[in-house]
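In what follows, a structure is listed as structure tokens, so that the remarks can point back to it.
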There are 2 protein chains.
Amino acid sequence: VGGSPQTVSDLGEEALVERIVARLGPQPPDEVWAGDDAALLRAPPGDLVLTTDVLVEGLDFSWSWCSGVDVGWKAVAVNASDLAAMGARPRHAVAALSLPASTPLERFDGLVEGMTEAAAAAGAAVVGGDLSGAREVSLSVALLGSCEPGRAVRRAGARPGEAICVTGSLGGAAGGLVALRAGLLEGGGDPALRRLAARQLRPRPRIEEGVLLAALGASSMIDVSDGLLADLARLMRAGGTGCAVEPELVPVDPDLSALAGRAGDPRALAATGGEDFELLFTIDPARAGAARSELARAGTAVTRIGVVAEGGLRFGEREFETMGELGWEHLRKR
Amino acid sequence: VGGSPQTVSDLGEEALVERIVARLGPQPPDEVWAGDDAALLRAPPGDLVLTTDVLVEGLDFSWSWCSGVDVGWKAVAVNASDLAAMGARPRHAVAALSLPASTPLERFDGLVEGMTEAAAAAGAAVVGGDLSGAREVSLSVALLGSCEPGRAVRRAGARPGEAICVTGSLGGAAGGLVALRAGLLEGGGDPALRRLAARQLRPRPRIEEGVLLAALGASSMIDVSDGLLADLARLMRAGGTGCAVEPELVPVDPDLSALAGRAGDPRALAATGGEDFELLFTIDPARAGAARSELARAGTAVTRIGVVAEGGLRFGEREFETMGELGWEHLRKR
């Protein structure tokens, strides 16, 4: 009835929980989602995979350039990407949402909508959660999935001589962040800038691609969340190998040209920018062509960027060894 | 080398993750815990149960009366209690820990130690997680468990005429909170006060009891987390029934006498105090004796406090209907 916008404290916990439950969608007759002490689920066939990620206001996102829907979507999508990197399919998510009493109800509804939409897009469902007060918004999602028995693709497994490949293109999410922070999207922005922003705000986990790559025999895999070089170093370290990657082969997001240099060299952004959530994997070179053609049928490019090797981590003429020089460490000294 | 105590920012994210992994204990040869994109787990037999709960600094706990170990323990225990209330066994936990860069390393280590100890005590293991910066400490745990196929005990299921029973005793955790906040434990406190504090800080989920009660045919069950009356109202509402509970039958924690009235009437505390994590259940009256004797063998008392009935919720002479009057709503207007 006019006045200031409604906040979550106008409703209280029970009413908010009912609001969430109303958005979860129909549950299978033999499962119990929200409304009990825990969700009761039929076990999916195969092996289980379980992961969790948290997004924190001010650190992982800012309300000055994110909506509630964006944050809810991303909280689920980043977890789904972790499962994709195992070659697994997401099934069931639970979410712990902490938020100030002053949170606008519209933002709360957006958070829930974003989570349920991202879960549905990933073939999963949000089946329960917890709601708490807090000084800042923080959203933890845990995601349970499944994969073919014995078929999960690990980080460890790369062997010298194998091809190193990556799906899609890189640098777009980091470019989107630059565009959002600079306010370039205000008033709409051009289509390329809008695509960059979408890569930052609404990442699309490569689930079908991960399942295909597991079936095709990828020997190791990781999702590119902290930047190509950082995640490549993790992948190689897990496998106990080195690599030789050709910088000029790295697929650069073509929309970065719309930033016209505002974010520096697009090639540097593609090498170090985080949150593209592409899949970085190694595979027997004899199968790299099949991976490329199978994923092309699913609409996704696969680019061979280098080779697994003995020794150090080589990126063109450079050697990179430690994680500290690369990507971004949340808790590092500033 | 002397100076101020180490903080998490002295180590950085990678070193902290390694510190966690070192505490997780040995993983089965066919599983992958931390160190990959997601934990890879063999599916336990039976149905799956999944739940999540978050603890937030300043709201759920205060560093003035909690250690890191306490908070880590409780974050896992409250989830294990949710599974216990389904008659399920905890198996695998993932944790999302957000904390300020200034967090003392000793507190960080305590959080991890408390989580792994509570998981081990519950027959489960912490298998992965996420670490993030934040302005306040917040710890979300998601817990996956399993139960006999078709044997999960739901909140819905109570039928008029059934006995309403509760395990153990009530009010102790709320009394412990009073004692801790009043500083009564400084210098040790007497044994009864220490037991009350332990009920608040190191709750023991009733896992074996929950499994036994599921096998004995409990028709509905909930854990007492928000207070007997609040959780009783939830249980009855889920079953679409009313109840008649005798206040004088409610088992009051005997250690509350050590508070000497500082927390008000112990009977009121037993009726409304939260976080005892006892199991409140309904059962065919013909089986209530078997429940009592079976759980007595496991060292746990079962007290019959009332009967499921048509109509309203009666607690002695009082009627209680809405959740708003009872327990504690995190996001209510203050």
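For the structure tokens, the naming scheme is as follows: chains receive sequential letters (A, B, ...) according to their order of presentation, residues are indexed from 1 within each chain, and ligands are indexed from 1 in presentation order.
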
Could you list the residues in chain B lying within 6 Å of chain A, using only C-alpha atoms, and format the result as a list in words?
Ser9, Gly12, Glu13, Asp36, Asp37, Ala38, Ala39, Leu40, Leu41, Arg42, Ala43, Asp47, Leu48, Val49, Leu50, Thr51, Thr52, Asp53, Asp82, Ala101, Gly129, Asp130, Gly133, Arg155, Glu329, His330, Leu331, Arg332 and Lys333 of chain B

Could you pull out the strand (DSSP E or B) residues of stretch 141-326 of chain B, going by DSSP on the backbone, and write them as a short mmCIF file (atom, residue, chain, number, x, y, z; two decimals) with all heavy atoms, in the first residue's frame?
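Written file, selection11.cif:
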data_model
loop_
_atom_site.label_atom_id
_atom_site.label_comp_id
_atom_site.auth_asym_id
_atom_site.auth_seq_id
_atom_site.Cartn_x
_atom_site.Cartn_y
_atom_site.Cartn_z
N VAL B 141 27.16 -25.96 6.08
CA VAL B 141 27.48 -27.37 5.86
C VAL B 141 26.31 -28.02 5.15
O VAL B 141 25.15 -27.75 5.49
CB VAL B 141 27.77 -28.08 7.19
CG1 VAL B 141 27.85 -29.59 7.01
CG2 VAL B 141 29.08 -27.55 7.79
N ALA B 142 26.60 -28.82 4.14
CA ALA B 142 25.57 -29.66 3.53
C ALA B 142 25.94 -31.09 3.83
O ALA B 142 27.11 -31.47 3.74
CB ALA B 142 25.49 -29.43 2.02
N LEU B 143 24.95 -31.88 4.21
CA LEU B 143 25.21 -33.24 4.67
C LEU B 143 24.35 -34.21 3.88
O LEU B 143 23.14 -34.04 3.78
CB LEU B 143 24.92 -33.34 6.17
CG LEU B 143 25.29 -34.63 6.87
CD1 LEU B 143 26.77 -34.94 6.75
CD2 LEU B 143 24.90 -34.55 8.35
N LEU B 144 25.02 -35.21 3.33
CA LEU B 144 24.35 -36.27 2.57
C LEU B 144 24.35 -37.53 3.42
O LEU B 144 25.37 -37.88 4.03
CB LEU B 144 25.13 -36.50 1.28
CG LEU B 144 24.65 -37.61 0.35
CD1 LEU B 144 23.27 -37.29 -0.24
CD2 LEU B 144 25.66 -37.82 -0.79
N GLY B 145 23.22 -38.19 3.48
CA GLY B 145 23.14 -39.43 4.25
C GLY B 145 22.25 -40.42 3.55
O GLY B 145 21.82 -40.21 2.41
N SER B 146 21.99 -41.52 4.22
CA SER B 146 21.17 -42.55 3.60
C SER B 146 20.35 -43.26 4.67
O SER B 146 20.67 -43.23 5.85
CB SER B 146 22.06 -43.56 2.88
OG SER B 146 22.89 -44.23 3.80
N CYS B 147 19.27 -43.87 4.21
CA CYS B 147 18.43 -44.65 5.12
C CYS B 147 17.88 -45.86 4.37
O CYS B 147 17.96 -45.93 3.15
CB CYS B 147 17.30 -43.79 5.68
SG CYS B 147 16.16 -43.19 4.46
N ALA B 163 0.96 -41.97 20.59
CA ALA B 163 1.72 -41.35 21.68
C ALA B 163 2.69 -40.33 21.10
O ALA B 163 3.26 -40.53 20.02
CB ALA B 163 2.49 -42.42 22.44
N ILE B 164 2.88 -39.24 21.81
CA ILE B 164 3.91 -38.24 21.49
C ILE B 164 5.03 -38.41 22.50
O ILE B 164 4.80 -38.35 23.71
CB ILE B 164 3.35 -36.81 21.56
CG1 ILE B 164 2.20 -36.64 20.57
CG2 ILE B 164 4.45 -35.78 21.29
CD1 ILE B 164 1.48 -35.29 20.70
N CYS B 165 6.24 -38.65 22.01
CA CYS B 165 7.37 -38.95 22.89
C CYS B 165 8.56 -38.07 22.52
O CYS B 165 8.67 -37.58 21.39
CB CYS B 165 7.80 -40.41 22.75
SG CYS B 165 6.50 -41.61 23.07
N VAL B 166 9.46 -37.92 23.47
CA VAL B 166 10.68 -37.16 23.22
C VAL B 166 11.86 -37.88 23.88
O VAL B 166 11.70 -38.51 24.93
CB VAL B 166 10.53 -35.71 23.71
CG1 VAL B 166 10.42 -35.62 25.23
CG2 VAL B 166 11.67 -34.83 23.21
N THR B 167 13.01 -37.82 23.21
CA THR B 167 14.21 -38.44 23.79
C THR B 167 14.84 -37.48 24.80
O THR B 167 14.63 -36.26 24.75
CB THR B 167 15.26 -38.75 22.71
OG1 THR B 167 15.65 -37.53 22.07
CG2 THR B 167 14.73 -39.74 21.68
N LEU B 170 15.08 -31.67 28.03
CA LEU B 170 14.98 -30.41 27.28
C LEU B 170 15.35 -29.20 28.13
O LEU B 170 15.26 -29.22 29.35
CB LEU B 170 13.55 -30.25 26.75
CG LEU B 170 13.10 -31.32 25.74
CD1 LEU B 170 11.60 -31.21 25.48
CD2 LEU B 170 13.88 -31.20 24.44
N SER B 220 5.97 -40.30 12.78
CA SER B 220 6.46 -38.97 12.37
C SER B 220 7.55 -38.55 13.34
O SER B 220 7.61 -39.04 14.47
CB SER B 220 5.32 -37.94 12.35
OG SER B 220 4.93 -37.57 13.66
N MET B 221 8.45 -37.68 12.87
CA MET B 221 9.58 -37.32 13.74
C MET B 221 10.15 -35.97 13.29
O MET B 221 10.11 -35.62 12.12
CB MET B 221 10.66 -38.41 13.66
CG MET B 221 11.80 -38.26 14.65
SD MET B 221 12.53 -39.85 15.17
CE MET B 221 13.12 -40.53 13.62
N ILE B 222 10.70 -35.24 14.26
CA ILE B 222 11.36 -33.95 14.02
C ILE B 222 12.41 -33.79 15.11
O ILE B 222 12.28 -34.38 16.19
CB ILE B 222 10.32 -32.80 14.08
CG1 ILE B 222 10.88 -31.47 13.57
CG2 ILE B 222 9.75 -32.63 15.49
CD1 ILE B 222 9.81 -30.38 13.41
N ASP B 223 13.47 -33.05 14.84
CA ASP B 223 14.40 -32.77 15.93
C ASP B 223 14.03 -31.44 16.59
O ASP B 223 13.52 -30.53 15.93
CB ASP B 223 15.86 -32.79 15.47
CG ASP B 223 16.20 -31.68 14.49
OD1 ASP B 223 15.34 -31.30 13.67
OD2 ASP B 223 17.34 -31.18 14.52
N GLY B 242 -4.03 -32.35 15.75
CA GLY B 242 -3.77 -31.58 16.96
C GLY B 242 -3.09 -32.48 17.97
O GLY B 242 -2.65 -33.58 17.64
N CYS B 243 -3.01 -31.99 19.21
CA CYS B 243 -2.36 -32.79 20.25
C CYS B 243 -2.79 -32.31 21.63
O CYS B 243 -3.32 -31.21 21.78
CB CYS B 243 -0.84 -32.70 20.13
SG CYS B 243 -0.19 -31.05 20.41
N ALA B 244 -2.55 -33.17 22.60
CA ALA B 244 -2.72 -32.78 24.00
C ALA B 244 -1.45 -33.21 24.72
O ALA B 244 -1.19 -34.41 24.86
CB ALA B 244 -3.95 -33.47 24.60
N VAL B 245 -0.67 -32.22 25.13
CA VAL B 245 0.61 -32.50 25.79
C VAL B 245 0.49 -32.04 27.26
O VAL B 245 -0.09 -30.99 27.54
CB VAL B 245 1.77 -31.79 25.07
CG1 VAL B 245 3.05 -31.82 25.90
CG2 VAL B 245 2.00 -32.43 23.70
N VAL B 252 12.62 -32.22 31.96
CA VAL B 252 13.42 -31.00 32.14
C VAL B 252 14.86 -31.39 32.44
O VAL B 252 15.11 -32.28 33.26
CB VAL B 252 12.84 -30.16 33.30
CG1 VAL B 252 13.68 -28.91 33.53
CG2 VAL B 252 11.39 -29.80 33.02
N LEU B 279 14.98 -35.86 19.81
CA LEU B 279 14.02 -36.29 18.79
C LEU B 279 12.62 -36.29 19.40
O LEU B 279 12.39 -36.88 20.46
CB LEU B 279 14.37 -37.68 18.26
CG LEU B 279 15.70 -37.75 17.50
CD1 LEU B 279 15.98 -39.20 17.06
CD2 LEU B 279 15.69 -36.82 16.29
N LEU B 280 11.71 -35.64 18.71
CA LEU B 280 10.30 -35.60 19.08
C LEU B 280 9.57 -36.45 18.04
O LEU B 280 9.70 -36.21 16.85
CB LEU B 280 9.82 -34.14 19.03
CG LEU B 280 8.34 -33.87 19.30
CD1 LEU B 280 8.00 -34.16 20.76
CD2 LEU B 280 8.02 -32.40 18.96
N PHE B 281 8.83 -37.46 18.52
CA PHE B 281 8.22 -38.37 17.55
C PHE B 281 6.86 -38.86 18.01
O PHE B 281 6.50 -38.75 19.19
CB PHE B 281 9.15 -39.56 17.27
CG PHE B 281 9.46 -40.41 18.48
CD1 PHE B 281 8.74 -41.58 18.72
CD2 PHE B 281 10.46 -40.06 19.37
CE1 PHE B 281 9.02 -42.38 19.83
CE2 PHE B 281 10.75 -40.84 20.49
CZ PHE B 281 10.02 -42.01 20.72
N THR B 282 6.12 -39.39 17.06
CA THR B 282 4.83 -40.03 17.36
C THR B 282 4.94 -41.50 17.02
O THR B 282 5.68 -41.89 16.11
CB THR B 282 3.69 -39.39 16.55
OG1 THR B 282 4.00 -39.50 15.15
CG2 THR B 282 3.52 -37.91 16.91
N ILE B 283 4.19 -42.32 17.77
CA ILE B 283 4.28 -43.77 17.57
C ILE B 283 3.00 -44.41 18.11
O ILE B 283 2.38 -43.90 19.06
CB ILE B 283 5.55 -44.33 18.28
CG1 ILE B 283 5.87 -45.75 17.82
CG2 ILE B 283 5.44 -44.23 19.81
CD1 ILE B 283 7.29 -46.20 18.18
N VAL B 302 13.39 -42.23 26.89
CA VAL B 302 12.26 -41.81 26.06
C VAL B 302 11.11 -41.48 27.01
O VAL B 302 10.78 -42.28 27.88
CB VAL B 302 11.83 -42.93 25.09
CG1 VAL B 302 10.46 -42.61 24.48
CG2 VAL B 302 12.86 -43.11 23.98
N THR B 303 10.54 -40.29 26.85
CA THR B 303 9.43 -39.87 27.72
C THR B 303 8.19 -39.61 26.88
O THR B 303 8.25 -38.89 25.88
CB THR B 303 9.80 -38.58 28.48
OG1 THR B 303 11.04 -38.77 29.15
CG2 THR B 303 8.72 -38.23 29.49
N ARG B 304 7.09 -40.23 27.32
CA ARG B 304 5.81 -39.97 26.65
C ARG B 304 5.23 -38.71 27.26
O ARG B 304 5.00 -38.65 28.46
CB ARG B 304 4.92 -41.18 26.91
CG ARG B 304 3.61 -41.16 26.22
CD ARG B 304 2.97 -42.52 26.41
NE ARG B 304 1.59 -42.53 26.00
CZ ARG B 304 0.91 -43.65 25.75
NH1 ARG B 304 1.50 -44.83 25.89
NH2 ARG B 304 -0.34 -43.59 25.37
N ILE B 305 4.99 -37.69 26.43
CA ILE B 305 4.55 -36.41 26.96
C ILE B 305 3.12 -36.06 26.59
O ILE B 305 2.58 -35.06 27.07
CB ILE B 305 5.48 -35.24 26.51
CG1 ILE B 305 5.52 -35.13 24.98
CG2 ILE B 305 6.89 -35.43 27.08
CD1 ILE B 305 6.24 -33.88 24.47
N GLY B 306 2.49 -36.87 25.73
CA GLY B 306 1.13 -36.54 25.35
C GLY B 306 0.60 -37.45 24.28
O GLY B 306 1.16 -38.52 24.02
N VAL B 307 -0.48 -37.00 23.65
CA VAL B 307 -1.17 -37.83 22.68
C VAL B 307 -1.58 -36.98 21.47
O VAL B 307 -1.90 -35.80 21.61
CB VAL B 307 -2.40 -38.51 23.34
CG1 VAL B 307 -3.41 -37.46 23.82
CG2 VAL B 307 -3.07 -39.52 22.41
N VAL B 308 -1.51 -37.60 20.29
CA VAL B 308 -2.01 -36.94 19.09
C VAL B 308 -3.53 -36.93 19.15
O VAL B 308 -4.14 -37.94 19.53
CB VAL B 308 -1.54 -37.70 17.81
CG1 VAL B 308 -2.02 -36.97 16.56
CG2 VAL B 308 -0.03 -37.87 17.81
N ALA B 309 -4.13 -35.79 18.82
CA ALA B 309 -5.59 -35.67 18.93
C ALA B 309 -6.14 -34.89 17.75
O ALA B 309 -5.40 -34.25 17.00
CB ALA B 309 -5.94 -34.95 20.24
N LEU B 313 -3.95 -27.49 19.25
CA LEU B 313 -2.70 -27.85 19.91
C LEU B 313 -2.83 -27.45 21.38
O LEU B 313 -2.86 -26.25 21.70
CB LEU B 313 -1.54 -27.11 19.25
CG LEU B 313 -1.42 -27.29 17.73
CD1 LEU B 313 -0.39 -26.31 17.16
CD2 LEU B 313 -1.01 -28.72 17.39
N ARG B 314 -2.93 -28.43 22.24
CA ARG B 314 -3.12 -28.12 23.65
C ARG B 314 -1.88 -28.50 24.45
O ARG B 314 -1.34 -29.61 24.32
CB ARG B 314 -4.34 -28.84 24.20
CG ARG B 314 -5.66 -28.26 23.66
CD ARG B 314 -6.88 -28.82 24.39
NE ARG B 314 -6.98 -30.28 24.27
CZ ARG B 314 -7.41 -30.93 23.18
NH1 ARG B 314 -7.76 -30.25 22.09
NH2 ARG B 314 -7.48 -32.24 23.16
N PHE B 315 -1.44 -27.55 25.26
CA PHE B 315 -0.28 -27.76 26.15
C PHE B 315 -0.80 -27.46 27.55
O PHE B 315 -0.85 -26.31 27.96
CB PHE B 315 0.85 -26.81 25.75
CG PHE B 315 2.15 -27.03 26.49
CD1 PHE B 315 2.88 -28.20 26.33
CD2 PHE B 315 2.63 -26.06 27.37
CE1 PHE B 315 4.08 -28.39 27.00
CE2 PHE B 315 3.83 -26.25 28.04
CZ PHE B 315 4.55 -27.42 27.87
N ARG B 318 -3.30 -24.47 28.06
CA ARG B 318 -3.13 -23.49 26.99
C ARG B 318 -3.38 -24.10 25.63
O ARG B 318 -3.17 -25.29 25.43
CB ARG B 318 -1.71 -22.91 27.00
CG ARG B 318 -1.40 -22.00 28.16
CD ARG B 318 0.07 -21.58 28.11
NE ARG B 318 0.40 -20.93 26.85
CZ ARG B 318 1.64 -20.82 26.36
NH1 ARG B 318 2.66 -21.35 27.01
NH2 ARG B 318 1.86 -20.20 25.21
N GLU B 319 -3.79 -23.24 24.70
CA GLU B 319 -3.83 -23.64 23.29
C GLU B 319 -2.75 -22.84 22.58
O GLU B 319 -2.58 -21.65 22.83
CB GLU B 319 -5.19 -23.28 22.66
CG GLU B 319 -6.33 -24.15 23.10
CD GLU B 319 -6.88 -25.00 21.96
OE1 GLU B 319 -6.36 -24.90 20.83
OE2 GLU B 319 -7.82 -25.77 22.20
#

| Residues within 9 Å of stretch 193-205 of chain B, only C-alpha atoms, excluding chain neighbours under 5 positions, as a ChimeraX atom specification | /B:66-67,70-71,73-74,77-84,118,121-122,171-180,184-185,188,223,253,255-256,258-259,275-279

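Residues surrounding A:Leu216 within 12 Å are Gly87, Arg151, Ala152, Val153, Glu209, Gly210, Val211, Phe281, Thr282, Ile283, Asp284, Pro285, Ala286, Arg287, Ala288, Gly289, Ala290, Ala291, Arg292, Ser293, Glu294 and Leu295 of chain A [only C-alpha atoms; sequence separation below 5 positions excluded].
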
Using all heavy atoms, can you export the residues from the last selection as a compact mmCIF listing (two decimals), in the first residue's frame?
# COMPACT_ATOMS: atom_id res chain seq x y z
N GLY A 87 32.46 -34.71 -15.57
CA GLY A 87 31.65 -35.50 -16.51
C GLY A 87 30.36 -35.98 -15.89
O GLY A 87 29.78 -36.97 -16.33
N ARG A 151 33.29 -43.67 -14.39
CA ARG A 151 33.55 -42.81 -15.55
C ARG A 151 33.89 -41.36 -15.20
O ARG A 151 34.09 -40.52 -16.09
CB ARG A 151 32.33 -42.80 -16.47
CG ARG A 151 32.29 -43.91 -17.50
CD ARG A 151 33.29 -43.63 -18.63
NE ARG A 151 33.27 -44.67 -19.64
CZ ARG A 151 32.37 -44.76 -20.62
NH1 ARG A 151 31.41 -43.87 -20.72
NH2 ARG A 151 32.43 -45.74 -21.49
N ALA A 152 33.87 -41.01 -13.92
CA ALA A 152 34.17 -39.62 -13.55
C ALA A 152 35.56 -39.26 -14.06
O ALA A 152 36.49 -40.05 -14.00
CB ALA A 152 34.11 -39.44 -12.04
N VAL A 153 35.69 -38.04 -14.59
CA VAL A 153 36.98 -37.56 -15.06
C VAL A 153 37.61 -36.72 -13.96
O VAL A 153 37.01 -35.77 -13.48
CB VAL A 153 36.83 -36.72 -16.35
CG1 VAL A 153 38.20 -36.32 -16.87
CG2 VAL A 153 36.04 -37.49 -17.40
N GLU A 209 28.61 -31.15 -22.59
CA GLU A 209 29.97 -31.29 -23.10
C GLU A 209 30.81 -32.16 -22.15
O GLU A 209 31.59 -33.02 -22.59
CB GLU A 209 30.62 -29.91 -23.24
CG GLU A 209 30.01 -29.01 -24.32
CD GLU A 209 28.76 -28.24 -23.86
OE1 GLU A 209 28.22 -28.56 -22.77
OE2 GLU A 209 28.34 -27.33 -24.60
N GLY A 210 30.65 -31.96 -20.85
CA GLY A 210 31.40 -32.76 -19.87
C GLY A 210 31.04 -34.23 -19.95
O GLY A 210 31.93 -35.10 -19.90
N VAL A 211 29.75 -34.50 -20.10
CA VAL A 211 29.31 -35.89 -20.20
C VAL A 211 29.89 -36.53 -21.47
O VAL A 211 30.39 -37.67 -21.45
CB VAL A 211 27.77 -35.97 -20.19
CG1 VAL A 211 27.28 -37.37 -20.53
CG2 VAL A 211 27.22 -35.52 -18.83
N PHE A 281 40.64 -29.70 -20.79
CA PHE A 281 40.82 -31.14 -20.62
C PHE A 281 42.00 -31.66 -21.44
O PHE A 281 42.50 -30.98 -22.34
CB PHE A 281 39.54 -31.90 -21.01
CG PHE A 281 39.12 -31.73 -22.44
CD1 PHE A 281 39.48 -32.67 -23.42
CD2 PHE A 281 38.36 -30.63 -22.83
CE1 PHE A 281 39.09 -32.50 -24.74
CE2 PHE A 281 37.97 -30.46 -24.16
CZ PHE A 281 38.33 -31.39 -25.11
N THR A 282 42.44 -32.85 -21.06
CA THR A 282 43.49 -33.53 -21.82
C THR A 282 42.91 -34.80 -22.42
O THR A 282 41.99 -35.40 -21.84
CB THR A 282 44.69 -33.89 -20.92
OG1 THR A 282 44.22 -34.71 -19.83
CG2 THR A 282 45.34 -32.64 -20.35
N ILE A 283 43.44 -35.18 -23.58
CA ILE A 283 42.89 -36.35 -24.27
C ILE A 283 43.95 -36.91 -25.21
O ILE A 283 44.80 -36.16 -25.73
CB ILE A 283 41.59 -35.95 -25.03
CG1 ILE A 283 40.79 -37.17 -25.48
CG2 ILE A 283 41.89 -35.00 -26.19
CD1 ILE A 283 39.35 -36.86 -25.88
N ASP A 284 43.91 -38.20 -25.40
CA ASP A 284 44.75 -38.87 -26.39
C ASP A 284 44.62 -38.11 -27.72
O ASP A 284 43.50 -37.88 -28.17
CB ASP A 284 44.23 -40.32 -26.54
CG ASP A 284 45.07 -41.15 -27.50
OD1 ASP A 284 45.59 -40.60 -28.49
OD2 ASP A 284 45.18 -42.36 -27.26
N PRO A 285 45.76 -37.70 -28.33
CA PRO A 285 45.65 -36.89 -29.56
C PRO A 285 44.83 -37.58 -30.65
O PRO A 285 44.18 -36.91 -31.45
CB PRO A 285 47.10 -36.68 -30.00
CG PRO A 285 47.96 -37.38 -29.03
CD PRO A 285 47.14 -37.92 -27.91
N ALA A 286 44.82 -38.91 -30.63
CA ALA A 286 44.04 -39.64 -31.64
C ALA A 286 42.54 -39.43 -31.45
O ALA A 286 41.76 -39.67 -32.36
CB ALA A 286 44.37 -41.14 -31.56
N ARG A 287 42.14 -39.00 -30.25
CA ARG A 287 40.71 -38.79 -30.00
C ARG A 287 40.32 -37.31 -30.00
O ARG A 287 39.15 -36.98 -29.82
CB ARG A 287 40.32 -39.37 -28.64
CG ARG A 287 40.50 -40.87 -28.58
CD ARG A 287 39.90 -41.41 -27.29
NE ARG A 287 40.25 -42.81 -27.12
CZ ARG A 287 39.90 -43.53 -26.07
NH1 ARG A 287 39.19 -42.96 -25.10
NH2 ARG A 287 40.23 -44.80 -25.99
N ALA A 288 41.30 -36.44 -30.15
CA ALA A 288 41.00 -35.00 -30.08
C ALA A 288 40.06 -34.60 -31.21
O ALA A 288 39.16 -33.76 -31.02
CB ALA A 288 42.28 -34.18 -30.12
N GLY A 289 40.23 -35.20 -32.38
CA GLY A 289 39.37 -34.88 -33.52
C GLY A 289 37.94 -35.30 -33.25
O GLY A 289 36.99 -34.56 -33.56
N ALA A 290 37.78 -36.49 -32.66
CA ALA A 290 36.43 -36.95 -32.34
C ALA A 290 35.78 -36.03 -31.31
O ALA A 290 34.58 -35.71 -31.41
CB ALA A 290 36.49 -38.38 -31.79
N ALA A 291 36.57 -35.58 -30.33
CA ALA A 291 36.03 -34.64 -29.34
C ALA A 291 35.56 -33.38 -30.03
O ALA A 291 34.47 -32.86 -29.74
CB ALA A 291 37.08 -34.33 -28.28
N ARG A 292 36.37 -32.88 -30.96
CA ARG A 292 36.01 -31.66 -31.66
C ARG A 292 34.72 -31.85 -32.46
O ARG A 292 33.81 -31.03 -32.40
CB ARG A 292 37.15 -31.21 -32.58
CG ARG A 292 36.93 -29.82 -33.16
CD ARG A 292 38.22 -29.19 -33.68
NE ARG A 292 38.98 -30.16 -34.45
CZ ARG A 292 40.26 -30.47 -34.24
NH1 ARG A 292 40.94 -29.86 -33.29
NH2 ARG A 292 40.87 -31.36 -34.98
N SER A 293 34.62 -32.96 -33.17
CA SER A 293 33.43 -33.11 -34.02
C SER A 293 32.18 -33.44 -33.19
O SER A 293 31.09 -32.94 -33.49
CB SER A 293 33.67 -34.17 -35.11
OG SER A 293 34.04 -35.40 -34.53
N GLU A 294 32.34 -34.23 -32.13
CA GLU A 294 31.16 -34.54 -31.28
C GLU A 294 30.62 -33.27 -30.62
O GLU A 294 29.42 -33.06 -30.54
CB GLU A 294 31.54 -35.53 -30.18
CG GLU A 294 31.77 -36.95 -30.67
CD GLU A 294 30.47 -37.76 -30.72
OE1 GLU A 294 29.55 -37.45 -29.93
OE2 GLU A 294 30.38 -38.68 -31.55
N LEU A 295 31.54 -32.46 -30.09
CA LEU A 295 31.07 -31.25 -29.42
C LEU A 295 30.58 -30.21 -30.41
O LEU A 295 29.69 -29.41 -30.08
CB LEU A 295 32.15 -30.67 -28.49
CG LEU A 295 32.04 -31.19 -27.04
CD1 LEU A 295 32.35 -32.67 -26.96
CD2 LEU A 295 32.87 -30.38 -26.08
